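K.L.:
Here you go, this is target-v8.cif (mmCIF, C-alpha atoms and all ligand atoms).
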```cif
data_input
#
loop_
_atom_site.label_atom_id
_atom_site.label_comp_id
_atom_site.auth_asym_id
_atom_site.auth_seq_id
_atom_site.Cartn_x
_atom_site.Cartn_y
_atom_site.Cartn_z
CA MET A 153 -135.54 89.34 298.86
CA GLY A 154 -135.33 85.91 300.53
CA LYS A 155 -132.17 85.21 302.45
CA VAL A 156 -131.98 81.52 301.67
CA ILE A 157 -129.70 81.11 298.64
CA ILE A 158 -129.92 77.84 296.70
CA ALA A 159 -126.55 76.61 295.42
CA CYS A 160 -127.32 75.60 291.83
CA ASP A 161 -124.36 73.23 291.53
CA PHE A 162 -125.48 71.84 288.19
CA ALA A 163 -123.44 71.05 285.09
CA GLY A 164 -125.56 72.95 282.60
CA ARG A 165 -128.46 75.15 281.64
CA GLN A 166 -131.07 72.48 281.03
CA GLU A 167 -130.54 70.78 284.34
CA THR A 168 -130.70 74.13 286.14
CA LEU A 169 -133.88 75.27 284.41
CA SER A 170 -135.63 71.92 284.97
CA PHE A 171 -134.71 72.10 288.64
CA LEU A 172 -136.02 75.66 289.01
CA GLU A 173 -139.26 74.82 287.21
CA GLN A 174 -140.27 72.88 290.31
CA PHE A 175 -140.57 76.15 292.24
CA GLY A 176 -143.71 77.41 290.47
CA GLU A 177 -144.21 81.08 291.22
CA GLU A 178 -141.40 81.18 293.81
CA ARG A 179 -138.26 82.91 292.62
CA PRO A 180 -135.58 81.81 295.07
CA PHE A 181 -132.19 83.52 295.38
CA VAL A 182 -129.74 81.30 293.45
CA LYS A 183 -125.99 80.85 293.57
CA ILE A 184 -124.22 80.30 290.27
CA GLY A 185 -120.77 78.84 290.78
CA MET A 186 -117.77 78.22 288.56
CA GLU A 187 -119.02 74.96 287.08
CA LEU A 188 -122.27 76.36 285.72
CA PHE A 189 -120.77 79.72 284.73
CA TYR A 190 -117.83 78.19 282.88
CA ALA A 191 -120.17 75.78 281.11
CA GLU A 192 -122.81 78.30 280.07
CA GLY A 193 -121.18 81.73 280.23
CA PRO A 194 -122.84 85.02 281.18
CA ASP A 195 -126.03 83.98 279.42
CA ILE A 196 -127.05 81.75 282.33
CA VAL A 197 -126.93 84.81 284.60
CA ARG A 198 -129.08 86.84 282.20
CA THR A 199 -131.56 83.99 281.82
CA LEU A 200 -132.06 83.40 285.54
CA LYS A 201 -132.14 87.11 286.32
CA GLY A 202 -134.64 87.60 283.50
CA ARG A 203 -136.88 85.03 285.18
CA GLY A 204 -136.78 87.03 288.40
CA HIS A 205 -134.18 85.19 290.49
CA PRO A 206 -131.79 87.25 292.62
CA ILE A 207 -128.27 86.05 291.79
CA PHE A 208 -125.15 85.35 293.86
CA LEU A 209 -122.36 84.89 291.30
CA ASP A 210 -119.77 82.79 293.14
CA LEU A 211 -116.64 83.11 290.98
CA LYS A 212 -114.14 83.90 293.79
CA LEU A 213 -111.91 86.29 291.84
CA HIS A 214 -108.21 86.42 292.80
CA ASP A 215 -105.62 88.15 290.59
CA ILE A 216 -103.65 91.39 290.40
CA PRO A 217 -105.77 94.46 291.22
CA ASN A 218 -105.96 95.77 287.67
CA THR A 219 -107.16 92.45 286.26
CA VAL A 220 -109.77 92.02 288.98
CA LYS A 221 -110.98 95.58 288.47
CA LYS A 222 -111.50 94.97 284.77
CA ALA A 223 -113.17 91.60 285.33
CA MET A 224 -115.51 93.15 287.90
CA ARG A 225 -116.36 95.88 285.40
CA VAL A 226 -117.57 93.17 283.03
CA LEU A 227 -119.55 91.47 285.80
CA SER A 228 -121.12 94.79 286.83
CA SER A 229 -123.11 94.78 283.58
CA LEU A 230 -124.69 91.43 284.46
CA ASP A 231 -127.13 92.71 287.08
CA THR A 232 -126.12 90.27 289.81
CA ASP A 233 -127.00 90.88 293.46
CA ILE A 234 -123.90 89.44 295.14
CA VAL A 235 -120.41 88.70 293.75
CA ASN A 236 -117.30 87.53 295.57
CA LEU A 237 -113.51 87.37 295.59
CA HIS A 238 -110.68 86.00 297.73
CA ALA A 239 -109.60 88.23 300.59
CA ALA A 240 -106.12 86.69 300.09
CA GLY A 241 -105.78 88.96 297.05
CA THR A 242 -105.06 91.87 299.46
CA ARG A 243 -106.87 95.09 300.30
CA ALA A 244 -105.52 96.74 297.14
CA MET A 245 -107.18 94.03 295.07
CA MET A 246 -110.46 94.32 296.97
CA GLU A 247 -110.51 98.11 296.59
CA ALA A 248 -109.84 97.76 292.86
CA ALA A 249 -112.66 95.21 292.65
CA LEU A 250 -115.14 97.67 294.14
CA GLU A 251 -114.02 100.36 291.70
CA GLY A 252 -114.60 98.03 288.77
CA LEU A 253 -117.91 96.84 290.14
CA THR A 254 -119.42 100.28 290.64
CA ARG A 255 -121.63 101.24 287.70
CA PRO A 256 -121.69 104.74 286.20
CA ASP A 257 -124.88 105.48 288.19
CA GLY A 258 -123.08 104.65 291.46
CA THR A 259 -124.90 101.35 292.12
CA ARG A 260 -123.15 98.01 292.51
CA PRO A 261 -123.93 94.46 293.65
CA LEU A 262 -122.93 93.45 297.16
CA CYS A 263 -119.33 92.23 297.20
CA ILE A 264 -118.21 89.69 299.78
CA ALA A 265 -114.90 87.97 300.44
CA VAL A 266 -113.90 84.36 300.90
CA THR A 267 -111.67 84.28 303.98
CA GLN A 268 -110.18 80.81 304.36
CA LEU A 269 -111.82 78.02 302.41
CA THR A 270 -113.35 75.43 304.72
CA SER A 271 -111.32 72.82 302.82
CA THR A 272 -108.13 74.37 304.24
CA ASP A 273 -107.21 72.97 307.64
CA GLN A 274 -104.77 74.24 310.25
CA THR A 275 -101.95 72.03 308.91
CA ALA A 276 -102.29 73.38 305.36
CA LEU A 277 -102.70 76.93 306.64
CA GLU A 278 -99.32 76.77 308.36
CA GLY A 279 -97.40 74.24 306.27
CA GLU A 280 -98.50 75.31 302.78
CA LEU A 281 -99.85 78.84 303.04
CA GLY A 282 -97.30 79.93 305.65
CA ILE A 283 -99.91 81.59 307.87
CA HIS A 284 -98.94 80.97 311.48
CA LEU A 285 -102.19 81.89 313.17
CA PRO A 286 -105.00 79.80 314.61
CA MET A 287 -107.64 79.35 311.88
CA GLU A 288 -110.19 81.60 313.56
CA GLU A 289 -107.64 84.42 313.85
CA ALA A 290 -106.68 83.99 310.18
CA VAL A 291 -110.35 84.18 309.19
CA LEU A 292 -110.95 87.26 311.35
CA SER A 293 -107.89 89.01 310.03
CA TYR A 294 -109.02 88.47 306.41
CA ALA A 295 -112.52 89.60 307.36
CA GLU A 296 -111.07 92.74 308.88
CA ASN A 297 -109.10 93.44 305.69
CA ALA A 298 -112.27 93.00 303.66
CA ARG A 299 -114.13 95.43 305.90
CA ARG A 300 -111.34 98.00 305.66
CA ALA A 301 -111.34 97.69 301.87
CA GLY A 302 -115.05 98.60 301.92
CA LEU A 303 -116.54 95.18 301.17
CA ASP A 304 -119.99 94.28 302.43
CA GLY A 305 -119.18 91.01 304.19
CA VAL A 306 -117.66 87.56 303.99
CA VAL A 307 -118.50 83.97 303.19
CA CYS A 308 -117.79 82.00 306.35
CA SER A 309 -118.80 79.00 308.37
CA PRO A 310 -121.89 79.70 310.48
CA LEU A 311 -119.67 78.78 313.43
CA GLU A 312 -117.54 81.85 312.67
CA ALA A 313 -120.40 84.29 312.09
CA GLY A 314 -120.62 85.45 315.70
CA ALA A 315 -116.90 86.22 315.91
CA VAL A 316 -116.93 87.99 312.52
CA HIS A 317 -119.79 90.23 313.63
CA ALA A 318 -118.04 90.95 316.92
CA ARG A 319 -114.87 92.00 315.05
CA CYS A 320 -116.35 93.72 312.00
CA GLY A 321 -119.73 94.99 313.20
CA ALA A 322 -123.29 93.71 313.08
CA GLY A 323 -123.89 95.25 309.65
CA PHE A 324 -121.02 93.29 308.05
CA LEU A 325 -122.70 90.41 306.23
CA CYS A 326 -121.99 86.77 307.01
CA VAL A 327 -123.08 84.49 304.18
CA THR A 328 -122.84 80.92 305.40
CA PRO A 329 -122.82 77.53 303.64
CA GLY A 330 -122.61 74.24 305.56
CA ILE A 331 -126.34 74.12 306.36
CA ARG A 332 -128.20 70.88 307.07
CA PHE A 333 -131.59 70.01 308.50
CA ALA A 334 -131.45 68.41 311.95
CA ASP A 335 -132.78 65.15 310.46
CA GLY A 336 -130.81 65.38 307.20
CA ASP A 337 -127.75 63.80 305.57
CA ARG A 338 -124.51 65.74 306.15
CA GLY A 339 -122.85 64.67 302.88
CA ASP A 340 -119.19 65.77 302.87
CA GLN A 341 -119.78 68.82 305.10
CA LYS A 342 -118.14 68.31 308.46
CA ARG A 343 -119.10 71.38 310.44
CA VAL A 344 -122.78 71.99 309.88
CA MET A 345 -125.67 73.91 311.41
CA THR A 346 -129.41 73.92 310.90
CA PRO A 347 -131.02 77.01 309.33
CA ARG A 348 -132.47 77.92 312.73
CA GLU A 349 -129.09 77.65 314.49
CA ALA A 350 -127.44 79.68 311.72
CA ARG A 351 -129.98 82.44 312.24
CA ARG A 352 -129.48 82.40 316.00
CA ILE A 353 -125.73 82.74 315.66
CA GLY A 354 -126.08 85.66 313.27
CA SER A 355 -125.87 84.45 309.64
CA ASP A 356 -127.34 87.07 307.33
CA TYR A 357 -127.81 84.73 304.37
CA ILE A 358 -127.52 80.94 304.21
CA VAL A 359 -126.31 79.05 301.14
CA VAL A 360 -128.02 75.68 300.86
CA GLY A 361 -127.19 73.10 298.19
CA ARG A 362 -127.95 69.40 298.54
CA PRO A 363 -130.56 69.62 301.32
CA ILE A 364 -132.69 71.33 298.63
CA THR A 365 -131.23 70.18 295.29
CA ALA A 366 -131.11 66.49 296.25
CA SER A 367 -134.46 66.51 298.02
CA ALA A 368 -137.39 64.54 296.60
CA ASP A 369 -139.42 67.74 297.05
CA PRO A 370 -137.09 70.73 296.53
CA LEU A 371 -139.83 73.33 296.96
CA ALA A 372 -140.89 71.86 300.32
CA ALA A 373 -137.24 71.73 301.43
CA TYR A 374 -136.72 75.37 300.37
CA LEU A 375 -139.86 76.51 302.19
CA ARG A 376 -138.71 74.64 305.29
CA CYS A 377 -135.36 76.50 305.13
CA LEU A 378 -137.20 79.81 304.79
CA ARG A 379 -139.45 79.00 307.74
CA GLU A 380 -136.55 77.95 309.94
CA PHE A 381 -134.25 80.81 308.91
CA GLU A 382 -136.68 83.68 308.50
CA GLY A 383 -139.76 82.49 310.39
CA GLU A 384 -140.95 84.16 313.56
CA GLU A 385 -140.53 81.04 315.65
CA ALA A 386 -136.76 80.94 315.03
O1 LIG B 401 -124.65 70.98 299.00
P1 LIG B 401 -124.16 71.93 300.05
O2 LIG B 401 -125.27 72.53 300.90
O3 LIG B 401 -123.03 71.36 300.87
O4 LIG B 401 -123.57 73.14 299.17
C1 LIG B 401 -122.93 74.24 299.75
C2 LIG B 401 -122.50 75.20 298.70
O5 LIG B 401 -121.70 76.20 299.32
C3 LIG B 401 -121.65 74.60 297.59
O6 LIG B 401 -121.91 75.37 296.38
C4 LIG B 401 -120.24 74.82 298.08
O7 LIG B 401 -119.31 74.94 297.03
C5 LIG B 401 -120.38 76.18 298.78
N1 LIG B 401 -119.36 76.44 299.78
C6 LIG B 401 -119.15 75.62 300.89
N2 LIG B 401 -118.17 75.93 301.80
C7 LIG B 401 -117.43 77.03 301.62
C8 LIG B 401 -117.63 77.87 300.53
C9 LIG B 401 -118.62 77.53 299.62
O8 LIG B 401 -119.84 74.63 301.06
N3 LIG B 401 -116.52 77.34 302.53
#
```
What does this structure look like when you write it as structure tokens?

P.N.:
Amino acid sequence: MGKVIIACDFAGRQETLSFLEQFGEERPFVKIGMELFYAEGPDIVRTLKGRGHPIFLDLKLHDIPNTVKKAMRVLSSLDTDIVNLHAAGTRAMMEAALEGLTRPDGTRPLCIAVTQLTSTDQTALEGELGIHLPMEEAVLSYAENARRAGLDGVVCSPLEAGAVHARCGAGFLCVTPGIRFADGDRGDQKRVMTPREARRIGSDYIVVGRPITASADPLAAYLRCLREFEGEEA
């Protein structure tokens, strides 16, 4: 399974399918976020999975443990490969999520946690969330909670991946957005890395949106990401 995940940040089914048609026989790993899922419902997951795409369902669950457990039970029937939740929901919530996610045959998708959103800065962390820790410590402490709850990894900035692995172990997955080609447009992402740099620092999967979705040749851009991230020369 390829470890370059394309963020399908599209408004609807037709746009998503037309985009993916450009990939021919390739079946890239795709991320379905809130916008597409809320617009199209679980059917979009079934459709893309049915066409052979591995799926990261990025719904970032955060509620009381019982509600998250029941929601994860519903998602467990969708045959996704990765799902996620907010580590801020506490270890009890994350443990309940894993219970709900585990199918009767004992299998389950990977489950990873959002630590601190990259849109939250140090001022908001302290002034609004009341967390009086440097951002990196706050991220590591949430990652540690996720690991103790039994989760498989976290979504984090590639800049944090090294520290997360040092704290939580090399096998704890770091899934990292904020990827740009060295010669590409940064868009609204402030702290970015190339696929090759992300691999060097220890990202296990990269999530790439606009460098592929807004490219004139999305397949070529995807293959370039694969080469840089998974290729032998990296
Ligand atoms: O287009 P771009 O490559 O910036 O897309 C990155 C994807 O990763 C988007 O779907 C964005 O919502 C997601 N993401 C992010 N930063 C986070 C968490 C998720 O960019 N901290």

K.L.:
Dump as JSON lines the rows for residues of chain A within 9 Å of ligand LIG 401 (chain B): closest atom pair and distance in Å with one decimal, all atoms listed in the file counted, ordered by chain and rising residue number.

P.N.:
```
{"residue": "A:Ile158", "atom": "CA", "partner": "B:LIG401", "partner_atom": "C2", "distance": 8.1}
{"residue": "A:Ala159", "atom": "CA", "partner": "B:LIG401", "partner_atom": "O6", "distance": 4.9}
{"residue": "A:Cys160", "atom": "CA", "partner": "B:LIG401", "partner_atom": "O6", "distance": 7.1}
{"residue": "A:Asp161", "atom": "CA", "partner": "B:LIG401", "partner_atom": "O6", "distance": 5.8}
{"residue": "A:Lys183", "atom": "CA", "partner": "B:LIG401", "partner_atom": "O6", "distance": 7.4}
{"residue": "A:Ile184", "atom": "CA", "partner": "B:LIG401", "partner_atom": "O6", "distance": 8.2}
{"residue": "A:Gly185", "atom": "CA", "partner": "B:LIG401", "partner_atom": "O6", "distance": 6.7}
{"residue": "A:Asp210", "atom": "CA", "partner": "B:LIG401", "partner_atom": "O6", "distance": 8.4}
{"residue": "A:Val266", "atom": "CA", "partner": "B:LIG401", "partner_atom": "C8", "distance": 7.5}
{"residue": "A:Thr267", "atom": "CA", "partner": "B:LIG401", "partner_atom": "N3", "distance": 8.6}
{"residue": "A:Gln268", "atom": "CA", "partner": "B:LIG401", "partner_atom": "N3", "distance": 7.5}
{"residue": "A:Leu269", "atom": "CA", "partner": "B:LIG401", "partner_atom": "N3", "distance": 4.8}
{"residue": "A:Thr270", "atom": "CA", "partner": "B:LIG401", "partner_atom": "N3", "distance": 4.3}
{"residue": "A:Ser271", "atom": "CA", "partner": "B:LIG401", "partner_atom": "N3", "distance": 6.9}
{"residue": "A:Val307", "atom": "CA", "partner": "B:LIG401", "partner_atom": "C8", "distance": 6.7}
{"residue": "A:Cys308", "atom": "CA", "partner": "B:LIG401", "partner_atom": "N3", "distance": 6.2}
{"residue": "A:Ser309", "atom": "CA", "partner": "B:LIG401", "partner_atom": "N3", "distance": 6.5}
{"residue": "A:Thr328", "atom": "CA", "partner": "B:LIG401", "partner_atom": "C7", "distance": 7.7}
{"residue": "A:Pro329", "atom": "CA", "partner": "B:LIG401", "partner_atom": "O5", "distance": 4.7}
{"residue": "A:Gly330", "atom": "CA", "partner": "B:LIG401", "partner_atom": "O8", "distance": 5.3}
{"residue": "A:Ile331", "atom": "CA", "partner": "B:LIG401", "partner_atom": "O2", "distance": 5.8}
{"residue": "A:Arg332", "atom": "CA", "partner": "B:LIG401", "partner_atom": "O2", "distance": 7.0}
{"residue": "A:Arg338", "atom": "CA", "partner": "B:LIG401", "partner_atom": "O3", "distance": 7.9}
{"residue": "A:Gly339", "atom": "CA", "partner": "B:LIG401", "partner_atom": "O3", "distance": 7.0}
{"residue": "A:Asp340", "atom": "CA", "partner": "B:LIG401", "partner_atom": "O3", "distance": 7.1}
{"residue": "A:Gln341", "atom": "CA", "partner": "B:LIG401", "partner_atom": "O3", "distance": 5.9}
{"residue": "A:Ile358", "atom": "CA", "partner": "B:LIG401", "partner_atom": "O5", "distance": 9.0}
{"residue": "A:Val359", "atom": "CA", "partner": "B:LIG401", "partner_atom": "O5", "distance": 5.7}
{"residue": "A:Val360", "atom": "CA", "partner": "B:LIG401", "partner_atom": "O2", "distance": 4.2}
{"residue": "A:Gly361", "atom": "CA", "partner": "B:LIG401", "partner_atom": "O2", "distance": 3.4}
{"residue": "A:Arg362", "atom": "CA", "partner": "B:LIG401", "partner_atom": "O1", "distance": 3.7}
{"residue": "A:Pro363", "atom": "CA", "partner": "B:LIG401", "partner_atom": "O2", "distance": 6.1}
{"residue": "A:Ile364", "atom": "CA", "partner": "B:LIG401", "partner_atom": "O2", "distance": 7.9}
{"residue": "A:Thr365", "atom": "CA", "partner": "B:LIG401", "partner_atom": "O1", "distance": 7.6}
{"residue": "A:Ala366", "atom": "CA", "partner": "B:LIG401", "partner_atom": "O1", "distance": 8.3}
```

K.L.:
One decimal, Å: what's the distance from CA of Leu250 in chain A over to CA of Lys221 in chain A, could you say?

P.N.:
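One can read the CA of Leu250 in chain A to CA of Lys221 in chain A distance as 7.3 Å.
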
K.L.:
Please work out which residues fall within 12 Å of (-117.3, 91.0, 298.7), coordinates as given in the file, with all atoms listed in the file counting, and return them as a ChimeraX atom specification.

P.N.:
/A:208-214,224,233-239,241,243,245-250,253,260-267,294-295,297-308,324-327

K.L.:
What are the centre and the three edge lengths of an axis-aligned box that wraps all atoms of range 210-217 of chain A in the file, given that 6 Å is added to every side, written as JSON and rounded to one decimal in Å?

P.N.:
```
{"center_x": -111.7, "center_y": 88.6, "center_z": 292.1, "size_x": 28.1, "size_y": 23.7, "size_z": 15.4}
```

K.L.:
Residues near range 204-207 of chain A, anyone? I mean within 7 Å using all atoms listed in the file, not counting same-chain ones fewer than 3 positions away, as a ChimeraX atom specification.

P.N.:
/A:179-183,200-201,232-234

K.L.:
My list of candidates is A:Leu169, A:Ala373, A:Ala240, A:Ala276. Which is closest to Val197 in chain A when distances are computed with all atoms listed in the file?

P.N.:
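Residue with the minimum atom-to-atom distance to Val197 in chain A: A:Leu169.
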
K.L.:
What's around range 342-351 of chain A at 7 Å? Count all atoms listed in the file, leave out sequence neighbours fewer than 3 positions away in its own chain, and write the answer as a list in words.

P.N.:
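Listed by chain and then number, they are Pro310, Gly330, Ile331, Arg332, Phe333, Ala334, Gly354, Ser355, Cys377, Glu380, Phe381 and Ala386 of chain A.
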
K.L.:
Output C-alpha atoms of each residue in that selection to a file, as a short mmCIF file (atom, residue, chain, number, x, y, z; two decimals), in the coordinates of the input.

P.N.:
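Saved the output as out.cif:
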```cif
data_model
loop_
_atom_site.label_atom_id
_atom_site.label_comp_id
_atom_site.auth_asym_id
_atom_site.auth_seq_id
_atom_site.Cartn_x
_atom_site.Cartn_y
_atom_site.Cartn_z
CA PRO A 310 -121.89 79.70 310.48
CA GLY A 330 -122.61 74.24 305.56
CA ILE A 331 -126.34 74.12 306.36
CA ARG A 332 -128.20 70.88 307.07
CA PHE A 333 -131.59 70.01 308.50
CA ALA A 334 -131.45 68.41 311.95
CA GLY A 354 -126.08 85.66 313.27
CA SER A 355 -125.87 84.45 309.64
CA CYS A 377 -135.36 76.50 305.13
CA GLU A 380 -136.55 77.95 309.94
CA PHE A 381 -134.25 80.81 308.91
CA ALA A 386 -136.76 80.94 315.03
#
```

K.L.:
What does the structure give for the distance between CA of Pro194 in chain A and CA of Glu251 in chain A, in Å to one decimal?

P.N.:
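Atom-to-atom, CA of Pro194 in chain A and CA of Glu251 in chain A are spaced 20.6 Å apart.
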
K.L.:
Using all atoms listed in the file, which of the listed residues (A:Gly176, A:Gly164, A:Gly314, A:Pro217) sits closest to Ala191 in chain A?

P.N.:
A:Gly164

K.L.:
Take CA of Ala315 in chain A and CA of Glu288 in chain A and report the distance between them in Å, one decimal.

P.N.:
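According to the coordinates, CA of Ala315 in chain A and CA of Glu288 in chain A are separated by 8.5 Å.
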